[in-house]
$ cat protein37.cif   # mmCIF, C-alpha atoms
data_data
loop_
_atom_site.label_atom_id
_atom_site.label_comp_id
_atom_site.auth_asym_id
_atom_site.auth_seq_id
_atom_site.Cartn_x
_atom_site.Cartn_y
_atom_site.Cartn_z
CA MET D 46 5.29 10.99 26.09
CA LYS D 47 4.90 9.10 22.83
CA HIS D 48 4.82 10.98 19.53
CA ARG D 49 1.24 10.68 18.29
CA ILE D 50 0.84 9.86 14.59
CA ILE D 51 -2.68 9.67 13.16
CA VAL D 52 -3.31 8.32 9.68
CA LEU D 53 -6.70 9.23 8.18
CA GLY D 54 -7.96 6.68 5.67
CA ALA D 55 -6.89 3.07 5.09
CA GLY D 56 -6.94 2.77 1.34
CA TYR D 57 -3.77 1.71 -0.46
CA THR D 58 -1.85 4.80 0.64
CA GLY D 59 -3.01 5.14 4.23
CA ALA D 60 -2.63 1.46 5.08
CA ILE D 61 0.85 1.30 3.54
CA THR D 62 1.98 4.40 5.40
CA ALA D 63 0.73 3.16 8.77
CA GLY D 64 2.43 -0.20 8.33
CA ARG D 65 5.67 1.31 7.07
CA LEU D 66 5.84 3.73 10.00
CA ALA D 67 5.17 0.91 12.47
CA GLY D 68 7.94 -1.15 10.92
CA ARG D 69 10.54 1.61 11.18
CA LEU D 70 9.81 3.38 14.47
CA ARG D 71 10.11 2.01 18.01
CA ARG D 72 6.80 1.32 19.72
CA GLU D 73 8.13 2.91 22.90
CA ASP D 74 8.46 6.21 21.05
CA VAL D 75 5.34 6.48 18.88
CA ALA D 76 1.61 5.82 19.02
CA ILE D 77 0.23 5.16 15.53
CA THR D 78 -3.53 5.31 15.03
CA LEU D 79 -5.16 4.37 11.72
CA VAL D 80 -8.67 5.78 11.30
CA ASN D 81 -10.99 4.13 8.78
CA ALA D 82 -14.75 3.72 8.48
CA GLU D 83 -14.65 0.09 7.28
CA PRO D 84 -13.01 -2.92 8.99
CA ASP D 85 -11.66 -4.45 5.77
CA PHE D 86 -9.21 -3.27 3.14
CA VAL D 87 -10.97 -2.39 -0.12
CA GLU D 88 -9.18 -3.18 -3.37
CA ARG D 89 -10.49 -0.14 -5.16
CA VAL D 90 -8.93 -1.16 -8.47
CA ARG D 91 -11.26 -4.19 -8.52
CA MET D 92 -14.60 -2.45 -7.99
CA HIS D 93 -15.69 -3.19 -11.56
CA GLN D 94 -15.19 -6.89 -10.79
CA LEU D 95 -17.28 -6.63 -7.63
CA ALA D 96 -20.01 -4.84 -9.59
CA VAL D 97 -20.49 -7.75 -12.01
CA GLY D 98 -20.84 -10.35 -9.26
CA GLN D 99 -17.31 -11.55 -8.64
CA ASN D 100 -16.43 -12.23 -5.01
CA LEU D 101 -13.28 -10.54 -3.74
CA GLU D 102 -11.10 -11.84 -0.95
CA LEU D 103 -11.82 -10.26 2.43
CA ARG D 104 -8.76 -8.56 3.92
CA PRO D 105 -9.61 -7.55 7.52
CA PHE D 106 -7.40 -4.88 9.04
CA SER D 107 -7.48 -6.71 12.37
CA ALA D 108 -5.43 -9.48 10.81
CA MET D 109 -3.34 -7.20 8.61
CA PHE D 110 -2.09 -5.07 11.51
CA ALA D 111 -2.02 -7.74 14.21
CA GLY D 112 1.20 -7.46 16.21
CA THR D 113 2.39 -4.31 14.44
CA GLY D 114 1.52 -1.80 17.14
CA VAL D 115 -0.88 0.08 14.83
CA GLU D 116 -4.16 0.90 16.59
CA LEU D 117 -7.12 0.63 14.21
CA LYS D 118 -9.99 2.99 14.98
CA LEU D 119 -13.19 2.26 13.09
CA ALA D 120 -14.65 5.70 12.64
CA LYS D 121 -15.70 8.24 10.05
CA VAL D 122 -13.68 11.46 9.93
CA THR D 123 -16.02 14.44 10.31
CA GLY D 124 -13.51 17.27 10.65
CA VAL D 125 -9.87 18.27 10.97
CA ASP D 126 -8.67 21.25 12.99
CA THR D 127 -5.13 21.85 11.78
CA ASP D 128 -4.60 24.79 14.12
CA ARG D 129 -5.55 22.88 17.27
CA LYS D 130 -4.05 19.67 15.80
CA THR D 131 -7.13 17.57 16.39
CA VAL D 132 -9.36 15.28 14.34
CA ALA D 133 -13.10 14.82 14.96
CA VAL D 134 -14.41 11.30 14.28
CA LEU D 135 -17.73 9.47 14.53
CA ASP D 136 -17.51 5.87 15.72
CA THR D 137 -18.93 3.57 13.02
CA ASN D 138 -19.62 0.85 15.61
CA GLY D 139 -22.23 3.12 17.18
CA THR D 140 -20.73 2.78 20.65
CA ASN D 141 -18.58 5.84 21.39
CA GLY D 142 -20.30 8.50 19.29
CA THR D 143 -18.27 11.58 18.41
CA GLU D 144 -14.67 11.79 19.62
CA GLU D 145 -11.73 14.16 19.24
CA LEU D 146 -8.23 12.80 18.61
CA ALA D 147 -5.08 14.85 19.12
CA TYR D 148 -1.99 14.39 16.95
CA ASP D 149 1.62 15.48 16.69
CA THR D 150 1.92 14.30 13.08
CA LEU D 151 -1.08 13.83 10.79
CA VAL D 152 -1.11 11.76 7.60
CA TYR D 153 -4.09 12.78 5.46
CA ALA D 154 -5.09 9.91 3.16
CA LEU D 155 -8.84 10.35 2.77
CA GLY D 156 -8.59 9.99 -0.99
CA SER D 157 -11.40 10.74 -3.39
CA GLY D 158 -14.89 9.78 -4.45
CA TRP D 159 -16.85 9.95 -7.66
CA ASN D 160 -17.28 13.21 -9.53
CA SER D 161 -20.71 13.88 -11.00
CA GLN D 162 -19.29 16.91 -12.85
CA GLY D 163 -22.51 18.73 -11.94
CA VAL D 164 -24.43 17.09 -14.79
CA PRO D 165 -28.19 17.20 -14.10
CA GLY D 166 -29.67 13.87 -13.05
CA THR D 167 -26.35 12.16 -12.34
CA ALA D 168 -26.74 12.00 -8.57
CA GLU D 169 -30.34 10.75 -8.89
CA HIS D 170 -30.00 8.22 -11.70
CA ALA D 171 -26.37 7.18 -12.25
CA HIS D 172 -24.35 4.50 -10.48
CA GLU D 173 -20.75 4.91 -9.34
CA ILE D 174 -18.00 2.42 -8.49
CA ALA D 175 -15.55 4.67 -6.66
CA GLY D 176 -16.01 2.54 -3.53
CA ARG D 177 -17.50 -0.71 -2.28
CA PRO D 178 -20.99 0.60 -1.38
CA GLY D 179 -21.48 1.98 -4.89
CA ALA D 180 -20.13 -1.18 -6.53
CA LEU D 181 -22.48 -3.33 -4.47
CA ARG D 182 -25.49 -1.18 -5.42
CA LEU D 183 -24.56 -1.52 -9.08
CA ARG D 184 -24.08 -5.26 -8.62
CA GLU D 185 -27.64 -5.60 -7.33
CA ARG D 186 -29.03 -3.48 -10.16
CA LEU D 187 -27.20 -5.39 -12.88
CA ALA D 188 -28.31 -8.72 -11.42
CA GLY D 189 -31.93 -7.58 -11.81
CA LEU D 190 -31.65 -6.68 -15.50
CA ASP D 191 -33.26 -8.85 -18.15
CA GLY D 192 -31.38 -9.74 -21.29
CA GLY D 193 -31.30 -7.14 -24.04
CA GLN D 194 -31.51 -4.14 -21.74
CA PRO D 195 -29.12 -1.24 -22.37
CA VAL D 196 -26.27 -0.31 -20.02
CA VAL D 197 -24.31 2.90 -20.64
CA VAL D 198 -20.89 3.61 -19.15
CA VAL D 199 -20.06 7.32 -19.22
CA GLY D 200 -16.35 8.10 -19.24
CA GLY D 201 -13.61 7.01 -21.62
CA GLY D 202 -10.74 6.84 -19.10
CA LEU D 203 -9.21 3.74 -17.53
CA THR D 204 -12.14 3.14 -15.16
CA GLY D 205 -14.68 3.49 -17.94
CA LEU D 206 -12.83 1.07 -20.23
CA GLU D 207 -12.47 -1.51 -17.49
CA THR D 208 -16.09 -1.19 -16.38
CA ALA D 209 -17.59 -1.45 -19.87
CA THR D 210 -15.56 -4.53 -20.81
CA GLU D 211 -16.16 -6.24 -17.47
CA ILE D 212 -19.93 -5.82 -17.77
CA ALA D 213 -20.01 -6.87 -21.43
CA GLU D 214 -17.94 -9.99 -20.75
CA ALA D 215 -19.90 -11.01 -17.63
CA ARG D 216 -23.30 -10.22 -19.20
CA PRO D 217 -23.11 -10.78 -22.98
CA ASP D 218 -26.92 -10.66 -23.03
CA LEU D 219 -26.90 -6.92 -22.24
CA ASP D 220 -26.53 -4.07 -24.74
CA VAL D 221 -23.45 -2.22 -23.43
CA ALA D 222 -22.33 1.19 -24.69
CA LEU D 223 -19.47 3.54 -23.75
CA VAL D 224 -19.77 7.31 -24.04
CA ALA D 225 -16.47 9.24 -24.18
CA ARG D 226 -15.99 13.01 -24.17
CA GLY D 227 -12.86 12.74 -26.32
CA GLY D 228 -11.62 10.30 -28.91
CA PHE D 229 -11.82 6.60 -28.08
CA GLY D 230 -8.51 5.75 -26.37
CA ASP D 231 -6.93 8.82 -27.93
CA TRP D 232 -4.14 8.97 -25.31
CA LEU D 233 -2.91 5.47 -26.24
CA SER D 234 -0.36 4.47 -28.83
CA PRO D 235 -1.64 3.31 -32.26
CA ARG D 236 -1.05 -0.30 -31.22
CA GLY D 237 -2.96 0.28 -27.99
CA ARG D 238 -5.90 1.90 -29.79
CA ARG D 239 -6.10 -0.94 -32.31
CA HIS D 240 -6.23 -3.53 -29.57
CA LEU D 241 -8.79 -1.56 -27.62
CA ARG D 242 -11.05 -1.33 -30.65
CA LYS D 243 -10.61 -5.04 -31.36
CA VAL D 244 -11.65 -6.02 -27.83
CA PHE D 245 -14.64 -3.65 -27.77
CA ASP D 246 -15.83 -4.91 -31.16
CA GLY D 247 -15.42 -8.51 -30.01
CA LEU D 248 -17.54 -7.85 -26.93
CA GLY D 249 -20.17 -5.99 -28.94
CA ILE D 250 -19.73 -2.69 -27.08
CA THR D 251 -21.04 0.40 -28.90
CA VAL D 252 -18.76 3.42 -28.61
CA HIS D 253 -20.00 7.03 -28.74
CA GLN D 254 -16.90 9.22 -28.88
CA HIS D 255 -16.61 13.03 -28.84
CA SER D 256 -19.88 13.07 -26.92
CA VAL D 257 -20.57 15.39 -23.99
CA VAL D 258 -23.32 14.14 -21.68
CA THR D 259 -25.65 16.97 -20.66
CA ALA D 260 -28.31 15.09 -18.71
CA VAL D 261 -28.96 11.70 -17.13
CA GLU D 262 -32.52 10.39 -16.89
CA ALA D 263 -33.90 7.17 -15.46
CA ASP D 264 -34.01 5.47 -18.86
CA HIS D 265 -31.54 7.39 -21.06
CA ILE D 266 -28.76 9.94 -21.29
CA ALA D 267 -28.69 13.02 -23.51
CA THR D 268 -25.63 14.52 -25.19
CA ALA D 269 -24.78 18.03 -26.33
CA ASP D 270 -25.45 17.24 -29.98
CA GLY D 271 -28.99 16.08 -29.21
CA THR D 272 -28.30 12.34 -29.24
CA VAL D 273 -30.38 10.26 -26.85
CA VAL D 274 -28.80 6.98 -25.73
CA PRO D 275 -31.15 4.48 -24.03
CA ALA D 276 -29.94 3.34 -20.59
CA ALA D 277 -31.67 1.03 -18.15
CA VAL D 278 -28.51 1.54 -16.08
CA THR D 279 -26.02 4.41 -16.34
CA VAL D 280 -22.57 3.98 -14.79
CA TRP D 281 -20.72 7.27 -14.23
CA THR D 282 -16.90 7.04 -14.43
CA THR D 283 -15.80 10.53 -15.48
CA GLY D 284 -13.11 10.99 -12.85
CA PHE D 285 -12.75 11.58 -9.13
CA GLN D 286 -13.02 14.47 -6.72
CA VAL D 287 -11.23 14.69 -3.40
CA HIS D 288 -12.89 14.42 -0.01
CA PRO D 289 -14.32 17.86 0.92
CA ILE D 290 -12.93 17.94 4.46
CA ALA D 291 -9.60 19.50 3.42
CA LYS D 292 -11.31 22.60 2.01
CA ALA D 293 -12.88 23.27 5.39
CA THR D 294 -9.47 23.45 7.10
CA THR D 295 -6.75 26.11 7.04
CA LEU D 296 -4.55 23.86 4.89
CA GLU D 297 -3.40 25.34 1.60
CA VAL D 298 -5.50 23.71 -1.10
CA THR D 299 -6.05 24.10 -4.82
CA GLY D 300 -9.33 25.03 -6.46
CA THR D 301 -10.14 21.33 -6.74
CA GLY D 302 -9.57 20.79 -3.02
CA GLN D 303 -6.25 18.97 -3.30
CA ILE D 304 -3.71 19.84 -0.60
CA VAL D 305 -0.47 21.45 -1.77
CA VAL D 306 2.62 19.51 -0.66
CA ASP D 307 6.39 19.56 -1.15
CA ALA D 308 8.53 16.72 -2.52
CA THR D 309 8.38 14.88 0.83
CA MET D 310 4.54 14.97 0.87
CA ARG D 311 4.49 17.56 3.65
CA SER D 312 1.88 20.30 3.54
CA LEU D 313 3.35 23.64 2.50
CA SER D 314 1.17 25.47 5.01
CA HIS D 315 1.28 23.01 7.95
CA PRO D 316 4.57 21.11 8.39
CA ASP D 317 3.06 18.62 10.84
CA VAL D 318 0.63 17.38 8.16
CA TYR D 319 1.57 14.96 5.39
CA VAL D 320 -0.77 14.27 2.48
CA ILE D 321 -0.75 11.24 0.20
CA GLY D 322 -2.71 9.73 -2.65
CA ASP D 323 -5.53 11.48 -4.47
CA ALA D 324 -5.85 14.19 -1.80
CA ALA D 325 -2.38 15.59 -2.56
CA LEU D 326 -1.33 17.88 -5.38
CA VAL D 327 1.93 16.13 -6.26
CA ARG D 328 4.10 17.25 -9.14
CA GLY D 329 6.07 14.71 -11.12
CA PRO D 330 8.41 14.92 -14.11
CA GLY D 331 8.07 18.12 -16.10
CA ASP D 332 6.30 19.69 -13.11
CA LYS D 333 3.08 17.96 -14.21
CA PRO D 334 0.57 17.04 -11.48
CA LEU D 335 0.30 13.29 -10.99
CA ARG D 336 -3.07 11.82 -11.93
CA MET D 337 -5.36 10.32 -9.32
CA SER D 338 -4.49 6.63 -9.40
CA CYS D 339 -3.05 3.73 -7.45
CA ALA D 340 0.12 4.05 -9.53
CA SER D 341 0.56 7.61 -8.26
CA GLY D 342 -0.64 7.07 -4.71
CA ILE D 343 1.52 4.17 -3.54
CA PRO D 344 4.87 5.94 -4.20
CA THR D 345 3.57 8.99 -2.30
CA ALA D 346 2.84 6.71 0.67
CA TRP D 347 6.41 5.40 0.65
CA GLN D 348 7.74 8.94 0.33
CA ALA D 349 5.67 10.30 3.21
CA ALA D 350 6.41 7.44 5.60
CA ASP D 351 10.15 7.59 4.95
CA SER D 352 10.15 11.38 5.28
CA ILE D 353 8.38 11.23 8.64
CA VAL D 354 10.82 8.62 9.89
CA ALA D 355 13.80 10.66 8.69
CA ARG D 356 12.62 13.82 10.39
CA LEU D 357 11.78 12.09 13.66
CA THR D 358 14.96 10.06 13.88
CA GLY D 359 17.51 12.42 12.37
CA GLY D 360 17.94 10.35 9.23
CA LYS D 361 18.40 11.37 5.62
CA LEU D 362 15.32 12.58 3.75
CA PRO D 363 14.31 10.40 0.78
CA ASN D 364 14.88 11.79 -2.68
CA VAL D 365 13.10 9.30 -4.91
CA PRO D 366 11.67 10.75 -8.13
CA LEU D 367 7.98 10.05 -8.69
CA ARG D 368 7.41 8.82 -12.23
CA TYR D 369 5.31 6.49 -14.39
CA PHE D 370 6.27 3.35 -16.29
CA ASN D 371 3.02 2.01 -17.76
CA GLN D 372 -0.75 2.11 -17.65
CA CYS D 373 -2.32 -1.26 -16.82
CA ILE D 374 -5.85 -1.78 -18.14
CA SER D 375 -7.94 -4.90 -17.66
CA LEU D 376 -10.42 -5.54 -20.47
CA GLY D 377 -12.47 -8.26 -18.85
CA ARG D 378 -10.88 -11.35 -17.33
CA ARG D 379 -9.29 -12.66 -20.54
CA GLU D 380 -7.94 -9.52 -22.20
CA GLY D 381 -5.76 -6.64 -21.14
CA LEU D 382 -3.66 -3.73 -22.34
CA ILE D 383 -0.36 -2.57 -20.86
CA GLN D 384 0.51 0.78 -22.39
CA TYR D 385 4.12 1.76 -21.76
CA VAL D 386 4.60 5.45 -21.09
CA THR D 387 7.24 8.11 -20.52
CA ALA D 388 8.11 9.29 -17.02
CA ASP D 389 5.44 12.00 -17.31
CA ASP D 390 2.75 9.52 -18.47
CA ARG D 391 2.76 10.01 -22.27
CA ALA D 392 2.26 6.89 -24.37
CA VAL D 393 5.16 5.42 -26.31
CA GLY D 394 4.86 2.99 -29.21
CA ALA D 395 5.29 -0.17 -27.16
CA ALA D 396 2.27 -1.94 -25.67
CA LEU D 397 1.56 -5.41 -24.32
CA THR D 398 -1.82 -6.86 -25.32
CA GLY D 399 -4.02 -9.92 -25.07
CA ARG D 400 -4.00 -12.70 -22.50
CA LEU D 401 -0.45 -11.94 -21.35
CA ALA D 402 -1.47 -8.35 -20.60
CA ALA D 403 -4.45 -9.62 -18.59
CA VAL D 404 -2.13 -11.80 -16.50
CA TYR D 405 0.26 -8.88 -16.05
CA LYS D 406 -2.54 -6.63 -14.81
CA GLU D 407 -3.77 -9.31 -12.41
CA LEU D 408 -0.26 -9.64 -10.96
CA ILE D 409 -0.10 -5.86 -10.52
CA CYS D 410 -3.42 -5.88 -8.61
CA LYS D 411 -2.34 -8.77 -6.42
CA GLY D 412 1.03 -7.14 -5.83
CA ALA D 413 -0.59 -3.88 -4.76
CA ALA D 414 -2.79 -5.67 -2.21
CA TRP D 415 0.17 -7.74 -0.99
CA GLY D 416 2.20 -4.56 -0.59
CA VAL D 417 -0.44 -3.09 1.72
CA ALA D 418 -0.03 -6.04 4.08
CA HIS D 419 3.77 -6.11 3.67
CA PRO D 420 4.83 -2.43 3.53
CA MET D 421 8.41 -3.10 4.65
CA LEU D 422 9.43 -4.98 1.50
CA GLY D 423 13.04 -4.08 0.74
CA MET D 424 13.38 -1.99 3.92
CA PRO D 425 15.60 -2.71 6.95
CA ALA D 426 13.72 -4.45 9.74
CA ARG D 427 15.39 -2.43 12.53
CA ARG D 428 13.13 0.08 14.23
CA ARG D 429 14.71 3.45 14.93
CA ARG D 430 14.40 5.70 17.95
CA VAL D 431 12.76 9.10 17.84
CA VAL D 432 15.64 11.39 18.71
CA ARG D 433 14.34 14.86 17.91
CA GLU D 434 11.75 16.93 19.67
CA ARG D 435 8.82 17.78 17.43
CA ALA D 436 9.38 21.50 17.86
CA ARG D 437 12.79 21.14 16.28
CA VAL D 438 11.60 18.77 13.59
CA SER D 439 8.92 21.19 12.41
CA ALA D 440 11.56 23.73 11.49
CA THR D 441 13.70 21.19 9.65
CA VAL D 442 13.43 20.82 5.89
#
$ encode --input "protein37.cif" --output "structure tokens"
Amino acid sequence: MKHRIIVLGAGYTGAITAGRLAGRLRREDVAITLVNAEPDFVERVRMHQLAVGQNLELRPFSAMFAGTGVELKLAKVTGVDTDRKTVAVLDTNGTNGTEELAYDTLVYALGSGWNSQGVPGTAEHAHEIAGRPGALRLRERLAGLDGGQPVVVVGGGLTGLETATEIAEARPDLDVALVARGGFGDWLSPRGRRHLRKVFDGLGITVHQHSVVTAVEADHIATADGTVVPAAVTVWTTGFQVHPIAKATTLEVTGTGQIVVDATMRSLSHPDVYVIGDAALVRGPGDKPLRMSCASGIPTAWQAADSIVARLTGGKLPNVPLRYFNQCISLGRREGLIQYVTADDRAVGAALTGRLAAVYKELICKGAAWGVAHPMLGMPARRRRVVRERARVSATV
């Protein structure tokens, strides 16, 4: 009987893991099923581009996984029973209804969505770009705005910076503002902050820093100090929260719902479950949790896939340290900022700016998408046999 591997979620991490497993394990030995609600790969790092009207290249999974042996199941995950080792799914094609899938090894890559932070009015009045549906709704709303109307982006992190600059560049007729809880770009180096300010000033973006949003209304936001900022459209980018399904299982999770894993991305409570991307609590240099990002998620996908292969085939477990090198920020299509960082993600003095940084960021985005379709880059092409029974593997570190 084939060893059944189910991968939940086909974002950057899930798609890479499925492809990497298929490229390294013999088809006679494993059955790999990739479960995802949408038929196309979504470049999540480009949602701000989609929101302003740019058309992104379609990347259908049917073409991406053709001939690999990966079975794509278009379905929404509705539950995971880690004790019975089953996954409940709802067919998104509307043909098979609810179904239960059994696994021997589960890869949990359901990722995260937007986080309203519990601020009153956010769910009713704010837009989010954590996924394609939200980006498309914002796209439609922005297209309907007349010149001179105010747009407020709440959140001073990477997503907020990219969203505000993209909107201001694409629609210079709008009055764009950014509201940040902390200082404007305060985690960047002095050179990075200077460039950020220069770009925002050039695009005419108003910055409200050290401002805590306490309410979102249909036509404005309110802050803790009593300031009212007009907003025909509010875009909420204050961070992500993980998919709630994990909390409903017997998996060991943190207070935020992230699943606790070891260095090989294996659940500490359930050794037949591997967790990657935003859903995993992964510790990097200095024992600091990795931030939710593509830069964090892709290495966890490599680590999990190679660990599963090693345990199933009797190979050597990977021991690749997870670390950061830079933060890549697009500031519209013509400007960018590459902030170089320490292994634990603290800014150093060096930063790349301007047009060259924009090109660098674009290459990073294209490389990430290319890597999803070509997960075996740098890996041996030979597929290995599954040589260990799962009962033995579960007890192996």
$ resolve_selection --input "protein37.cif" --expression "the PyMOL selection byres ((chain D and resi 103-118) around 9)" --output "list of chain:residue names"
D:Ala55, D:Ala60, D:Ala63, D:Gly64, D:Ala67, D:Gly68, D:Arg72, D:Ala76, D:Ile77, D:Thr78, D:Leu79, D:Val80, D:Asn81, D:Ala82, D:Glu83, D:Pro84, D:Asp85, D:Phe86, D:Val87, D:Asn100, D:Leu101, D:Glu102, D:Leu119, D:Ala120, D:Asp136, D:Val417, D:Ala418, D:His419
$ residues_around --input "protein37.cif" --residues "Ser375 of chain D" --least-positions-apart "6" --cutoff "9 Å" --atoms "only C-alpha atoms" --output "list in words"
Leu203, Leu206, Glu207, Thr210, Glu211, Gly381, Leu382, Ile383, Ala402, Ala403, Lys406 and Glu407 of chain D
$ resolve_selection --input "protein37.cif" --expression "the PyMOL selection byres ((chain D and resi 234) around 12)" --output "number ranges by chain"
D: 229-233, 235-241, 371-372, 382-387, 390-398
$ atom_distance --input "protein37.cif" --atom1 "atom CA of Asp128 of chain D" --atom2 "atom CA of Lys47 of chain D"
20.3 Å
$ residues_around --input "protein37.cif" --residues "segment 253-259 of chain D" --least-positions-apart "4" --cutoff "8 Å" --atoms "all atoms listed in the file" --output "list of chain:residue names"
D:Val164, D:Pro165, D:Val199, D:Ala222, D:Leu223, D:Val224, D:Ala225, D:Arg226, D:Gly227, D:Gly228, D:Phe229, D:Ile266, D:Ala267, D:Thr268, D:Ala269, D:Asp270
$ resolve_selection --input "protein37.cif" --expression "the PyMOL selection byres ((chain D and resi 167) around 12)" --output "VMD selection string"
chain D and resid 159 to 166 168 to 173 199 258 to 263 265 to 267 278 to 283
$ closest_residue --input "protein37.cif" --among "D:Gln99, D:Thr143, D:Thr295, D:Thr204" --to "Ala188 of chain D" --atoms "only C-alpha atoms"
D:Gln99
$ closest_residue --input "protein37.cif" --among "D:Gly189, D:Gly329, D:Gly56, D:Pro289" --to "Thr123 of chain D" --atoms "only C-alpha atoms"
D:Pro289
$ atom_distance --input "protein37.cif" --atom1 "atom CA of Glu144 of chain D" --atom2 "atom CA of Arg49 of chain D"
16.0 Å
$ residues_around --input "protein37.cif" --residues "Gly342 of chain D" --least-positions-apart "5" --cutoff "10 Å" --atoms "only C-alpha atoms" --output "NGL selection string"
:D and (56-59 or 154 or 156 or 321-325 or 327 or 335-337 or 347-348 or 367)
$ closest_residue --input "protein37.cif" --among "D:Leu135, D:Ala277, D:Gly271, D:Gly249" --to "Leu190 of chain D" --atoms "only C-alpha atoms"
D:Ala277
$ atom_distance --input "protein37.cif" --atom1 "atom CA of Thr150 of chain D" --atom2 "atom CA of Val318 of chain D"
5.9 Å
$ residues_around --input "protein37.cif" --residues "Met310 of chain D" --least-positions-apart "3" --cutoff "7 Å" --atoms "all atoms listed in the file" --output "VMD selection string"
chain D and resid 306 to 307 319 to 321 345 348 to 349
$ closest_residue --input "protein37.cif" --among "D:Gly201, D:Gly331, D:Pro420, D:Gly179" --to "Leu95 of chain D" --atoms "only C-alpha atoms"
D:Gly179
$ closest_residue --input "protein37.cif" --among "D:Ile212, D:Cys410, D:Cys339, D:Val152" --to "Leu376 of chain D" --atoms "only C-alpha atoms"
D:Ile212
$ residues_around --input "protein37.cif" --residues "segment 216-221 of chain D" --least-positions-apart "4" --cutoff "8 Å" --atoms "all atoms listed in the file" --output "list of chain:residue names"
D:Asp191, D:Gly192, D:Gly193, D:Gln194, D:Pro195, D:Val196, D:Val197, D:Val198, D:Ala209, D:Ile212, D:Leu248, D:Gly249, D:Ile250, D:Thr251
$ write_last_selection --input "protein37.cif" --atoms "C-alpha atoms" --output "mmCIF file, in the coordinates of the input"
data_model
loop_
_atom_site.group_PDB
_atom_site.id
_atom_site.type_symbol
_atom_site.label_atom_id
_atom_site.label_comp_id
_atom_site.auth_asym_id
_atom_site.auth_seq_id
_atom_site.Cartn_x
_atom_site.Cartn_y
_atom_site.Cartn_z
ATOM 1 C CA ASP D 191 -33.260 -8.850 -18.150
ATOM 2 C CA GLY D 192 -31.380 -9.740 -21.290
ATOM 3 C CA GLY D 193 -31.300 -7.140 -24.040
ATOM 4 C CA GLN D 194 -31.510 -4.140 -21.740
ATOM 5 C CA PRO D 195 -29.120 -1.240 -22.370
ATOM 6 C CA VAL D 196 -26.270 -0.310 -20.020
ATOM 7 C CA VAL D 197 -24.310 2.900 -20.640
ATOM 8 C CA VAL D 198 -20.890 3.610 -19.150
ATOM 9 C CA ALA D 209 -17.590 -1.450 -19.870
ATOM 10 C CA ILE D 212 -19.930 -5.820 -17.770
ATOM 11 C CA LEU D 248 -17.540 -7.850 -26.930
ATOM 12 C CA GLY D 249 -20.170 -5.990 -28.940
ATOM 13 C CA ILE D 250 -19.730 -2.690 -27.080
ATOM 14 C CA THR D 251 -21.040 0.400 -28.900
#
$ closest_residue --input "protein37.cif" --among "D:Thr301, D:Gln286, D:Thr127, D:Thr137" --to "Gly158 of chain D" --atoms "only C-alpha atoms"
D:Gln286
$ decode --input "protein37.cif" --residues "segment 292-303 of chain D" --atoms "N, CA and C atoms" --output "PDB file, in the first residue's frame"
ATOM      1  N   LYS D 292      -6.496  25.322  15.780  1.00  0.00           N
ATOM      2  CA  LYS D 292      -6.927  25.436  17.179  1.00  0.00           C
ATOM      3  C   LYS D 292      -8.015  24.444  17.545  1.00  0.00           C
ATOM      4  N   ALA D 293      -8.737  23.973  16.544  1.00  0.00           N
ATOM      5  CA  ALA D 293      -9.826  23.036  16.801  1.00  0.00           C
ATOM      6  C   ALA D 293      -9.351  21.585  16.828  1.00  0.00           C
ATOM      7  N   THR D 294      -8.055  21.364  16.633  1.00  0.00           N
ATOM      8  CA  THR D 294      -7.494  20.016  16.648  1.00  0.00           C
ATOM      9  C   THR D 294      -6.819  19.752  17.992  1.00  0.00           C
ATOM     10  N   THR D 295      -6.222  18.575  18.114  1.00  0.00           N
ATOM     11  CA  THR D 295      -5.455  18.252  19.328  1.00  0.00           C
ATOM     12  C   THR D 295      -3.975  18.565  19.152  1.00  0.00           C
ATOM     13  N   LEU D 296      -3.625  19.245  18.074  1.00  0.00           N
ATOM     14  CA  LEU D 296      -2.242  19.678  17.875  1.00  0.00           C
ATOM     15  C   LEU D 296      -1.850  20.689  18.952  1.00  0.00           C
ATOM     16  N   GLU D 297      -0.588  20.688  19.327  1.00  0.00           N
ATOM     17  CA  GLU D 297      -0.103  21.689  20.275  1.00  0.00           C
ATOM     18  C   GLU D 297       0.058  23.016  19.546  1.00  0.00           C
ATOM     19  N   VAL D 298      -0.665  24.022  20.008  1.00  0.00           N
ATOM     20  CA  VAL D 298      -0.622  25.332  19.374  1.00  0.00           C
ATOM     21  C   VAL D 298      -0.308  26.411  20.410  1.00  0.00           C
ATOM     22  N   THR D 299       0.092  27.561  19.907  1.00  0.00           N
ATOM     23  CA  THR D 299       0.347  28.714  20.773  1.00  0.00           C
ATOM     24  C   THR D 299      -0.963  29.475  20.979  1.00  0.00           C
ATOM     25  N   GLY D 300      -0.894  30.533  21.763  1.00  0.00           N
ATOM     26  CA  GLY D 300      -2.075  31.353  21.983  1.00  0.00           C
ATOM     27  C   GLY D 300      -2.579  32.015  20.721  1.00  0.00           C
ATOM     28  N   THR D 301      -1.692  32.199  19.745  1.00  0.00           N
ATOM     29  CA  THR D 301      -2.096  32.816  18.480  1.00  0.00           C
ATOM     30  C   THR D 301      -2.572  31.783  17.466  1.00  0.00           C
ATOM     31  N   GLY D 302      -2.545  30.500  17.850  1.00  0.00           N
ATOM     32  CA  GLY D 302      -3.013  29.463  16.942  1.00  0.00           C
ATOM     33  C   GLY D 302      -1.951  28.840  16.074  1.00  0.00           C
ATOM     34  N   GLN D 303      -0.705  29.304  16.184  1.00  0.00           N
ATOM     35  CA  GLN D 303       0.379  28.679  15.419  1.00  0.00           C
ATOM     36  C   GLN D 303       0.721  27.322  16.028  1.00  0.00           C
TER      37      GLN D 303
END
